[in-house]
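A short write-up of the structure that comes next.
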Amino acid sequence: FFFQAEDGIRDHCVTGVQTCALPIYRHGVGEGLWQSYTALTGNHLAGRKVLVIGYGAVGAGIAAYARAGGARVEVVDKDPVRRLIAQYDGFGTPDLAEVVPRAQVLVTAAGAHHSLPLATLRLVRDGAVLINAGHGADEIDVQGLTEEAERVEQISARVVSYQLPSGPRLVVLAAGHPLNIVMNSGSQEPVLLHRSEEHTSELQSHSDLVCRLLL
C-alpha cells in the first residue's frame, strides 16, 4: 500500500515496512541531482550560492550534498520547525524574497504548486539555474516563464533559457520536471516510486529486495 510522505511523495510499503524512503530521498536524490546538474551545465558547485526551497528529507539531502560540493547554501521553508532544523544543520534560513536575488542555483523540493511563482522569478538574478527536485512538474512556474519570456532558447535537449522583458535570463533544467527522475540519476528507487501506479508489481519486488539489503 501507499502513504503520503513528508515531501508530498508517496512512499511504497511492503508488508507494512517503509521502503527505506528517508535514506533514499536524502542520499539518492541529494547526490544524483548534483551529478545531473554538472552533467547538463558543465558547472561545479564550489563557490556557488545555492538556494534549496523545502527542507524535508529530499531538501535536506540536496542541501547537504551541495555544501559538501563547496556551495554556499541557504534554505527556505514555510514550516518553522523545518527552518529550525535547517539552522541546527548550519544553514541560513532567510525569506524567499530576500534570498532569490543572490542565489545562482535555485532548487525546489517542497512538493508544492508554484514554489517559485512567476512574480518571484522576476526577482531572480540574471543567469540563475532553476531545478525542480520535488513531486510533479509545477513547482517552478515554467508555463508563466514561457508566456512572459521575450526570447526562449533551447540550449540543449534538457536545458532551456528564458529571457524576461527588462528582467533576468533564467536557465531551466529538464523543463521543470524532477531532474533526478528525468536523468535517472542517483538511487533507482525514487524513479520506481514515481512510476508506481504503472508498475506496481515490479515496484513491490524491487522494493522488497532493496529493504532486505539496506535495513
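Quick note on naming: the chains in the C-alpha cells go A, B, ... in the order shown, residues restart at 1 in each chain, and ligands are numbered from 1 in order of appearance.
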**OP:** Return as an MDAnalysis selection string the full set of residues in stretch 27-179 of chain A whose backbone-based DSSP assignment is alpha helix (DSSP H).
**Re:** chainID A and resid 30:41 57:68 80:88 96:99 118:121 142:148 179
**OP:** Could you give me, as number ranges by chain, the residues within 12 Å of A:Gly167, counting only C-alpha atoms and dropping anything in the same chain fewer than 3 positions from it?
**Re:** A: 101, 118-128, 145, 148-151, 162-164, 170
Those same residues, written as a compact mmCIF listing (two decimals), in the first residue's frame with N, CA and C atoms?
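Result file out.txt:
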```
# COMPACT_ATOMS: atom_id res chain seq x y z
N PRO A 101 17.41 37.12 -5.06
CA PRO A 101 18.26 37.96 -5.90
C PRO A 101 19.75 37.59 -5.86
N LEU A 118 5.90 33.02 -10.87
CA LEU A 118 6.45 33.98 -11.82
C LEU A 118 6.85 35.29 -11.15
N ALA A 119 6.05 35.76 -10.21
CA ALA A 119 6.37 37.02 -9.52
C ALA A 119 7.72 36.94 -8.82
N THR A 120 8.04 35.79 -8.26
CA THR A 120 9.33 35.61 -7.60
C THR A 120 10.44 35.43 -8.63
N LEU A 121 10.15 34.75 -9.73
CA LEU A 121 11.16 34.53 -10.76
C LEU A 121 11.64 35.85 -11.36
N ARG A 122 10.80 36.85 -11.37
CA ARG A 122 11.22 38.16 -11.88
C ARG A 122 12.32 38.78 -11.02
N LEU A 123 12.44 38.32 -9.78
CA LEU A 123 13.42 38.88 -8.85
C LEU A 123 14.75 38.13 -8.85
N VAL A 124 14.78 36.98 -9.53
CA VAL A 124 15.97 36.13 -9.52
C VAL A 124 17.10 36.79 -10.30
N ARG A 125 18.32 36.54 -9.86
CA ARG A 125 19.47 37.17 -10.52
C ARG A 125 19.66 36.64 -11.94
N ASP A 126 20.26 37.44 -12.78
CA ASP A 126 20.48 37.07 -14.17
C ASP A 126 21.40 35.86 -14.27
N GLY A 127 21.03 34.90 -15.11
CA GLY A 127 21.85 33.73 -15.34
C GLY A 127 21.64 32.60 -14.36
N ALA A 128 20.71 32.74 -13.44
CA ALA A 128 20.48 31.71 -12.44
C ALA A 128 19.94 30.43 -13.09
N LEU A 145 6.79 31.45 -17.22
CA LEU A 145 8.03 31.89 -17.84
C LEU A 145 7.92 31.87 -19.36
N GLU A 148 5.68 34.70 -20.67
CA GLU A 148 6.17 36.07 -20.48
C GLU A 148 7.49 36.34 -21.19
N ALA A 149 8.29 35.31 -21.42
CA ALA A 149 9.63 35.49 -21.97
C ALA A 149 9.58 36.14 -23.34
N GLU A 150 10.49 37.07 -23.57
CA GLU A 150 10.60 37.68 -24.90
C GLU A 150 11.49 36.86 -25.82
N ARG A 151 12.27 35.95 -25.22
CA ARG A 151 13.10 35.06 -26.03
C ARG A 151 13.31 33.75 -25.27
N TYR A 162 15.33 31.37 -20.64
CA TYR A 162 14.20 32.27 -20.82
C TYR A 162 14.66 33.70 -20.50
N GLN A 163 14.51 34.59 -21.46
CA GLN A 163 14.84 36.00 -21.24
C GLN A 163 13.56 36.76 -20.94
N LEU A 164 13.42 37.24 -19.70
CA LEU A 164 12.23 38.01 -19.33
C LEU A 164 12.39 39.45 -19.77
N LEU A 170 16.96 33.36 -17.32
CA LEU A 170 16.92 32.22 -16.41
C LEU A 170 17.08 30.92 -17.19
```
Original post:
So, counting only C-alpha atoms, which residue among A:Ala71, A:Ser156, A:Ile53, A:Ala97 is closest to A:Ala110?
Top reply: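 That would be A:Ile53, the residue with the smallest distance to A:Ala110.
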**OP:** Would you work out the distance separating atom CA of A:Asp89 from atom CA of A:Asn132, expressed in Å to one decimal?
**Re:** 22.1 Å
Original post:
A:Gly92, A:Gly59, A:Gly47, A:Gly144: which is nearest A:Glu74, counting only C-alpha atoms?
Top reply: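 Looking at the shortest contact to A:Glu74, the residue is A:Gly92.
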**OP:** Between atom CA of A:Thr146 and atom CA of A:Gly111, measure the distance and give it in Å to one decimal.
**Re:**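 These two atoms are separated by 21.5 Å.
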**OP:** Quick one: pick out all strand (DSSP E) residues within stretch 48-192 of chain A from a backbone DSSP run and write them as a PyMOL selection string.
**Re:** chain A and resi 49-53+72-76+105-108+129-132+151-156+159-163+169-173
**OP:** Considering only C-alpha atoms, state which residue in the set A:Ala63, A:Leu173, A:Val52, A:Ala133 is at the smallest distance from A:Leu106.
**Re:**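 So, comparing all the options, the nearest one is A:Val52.
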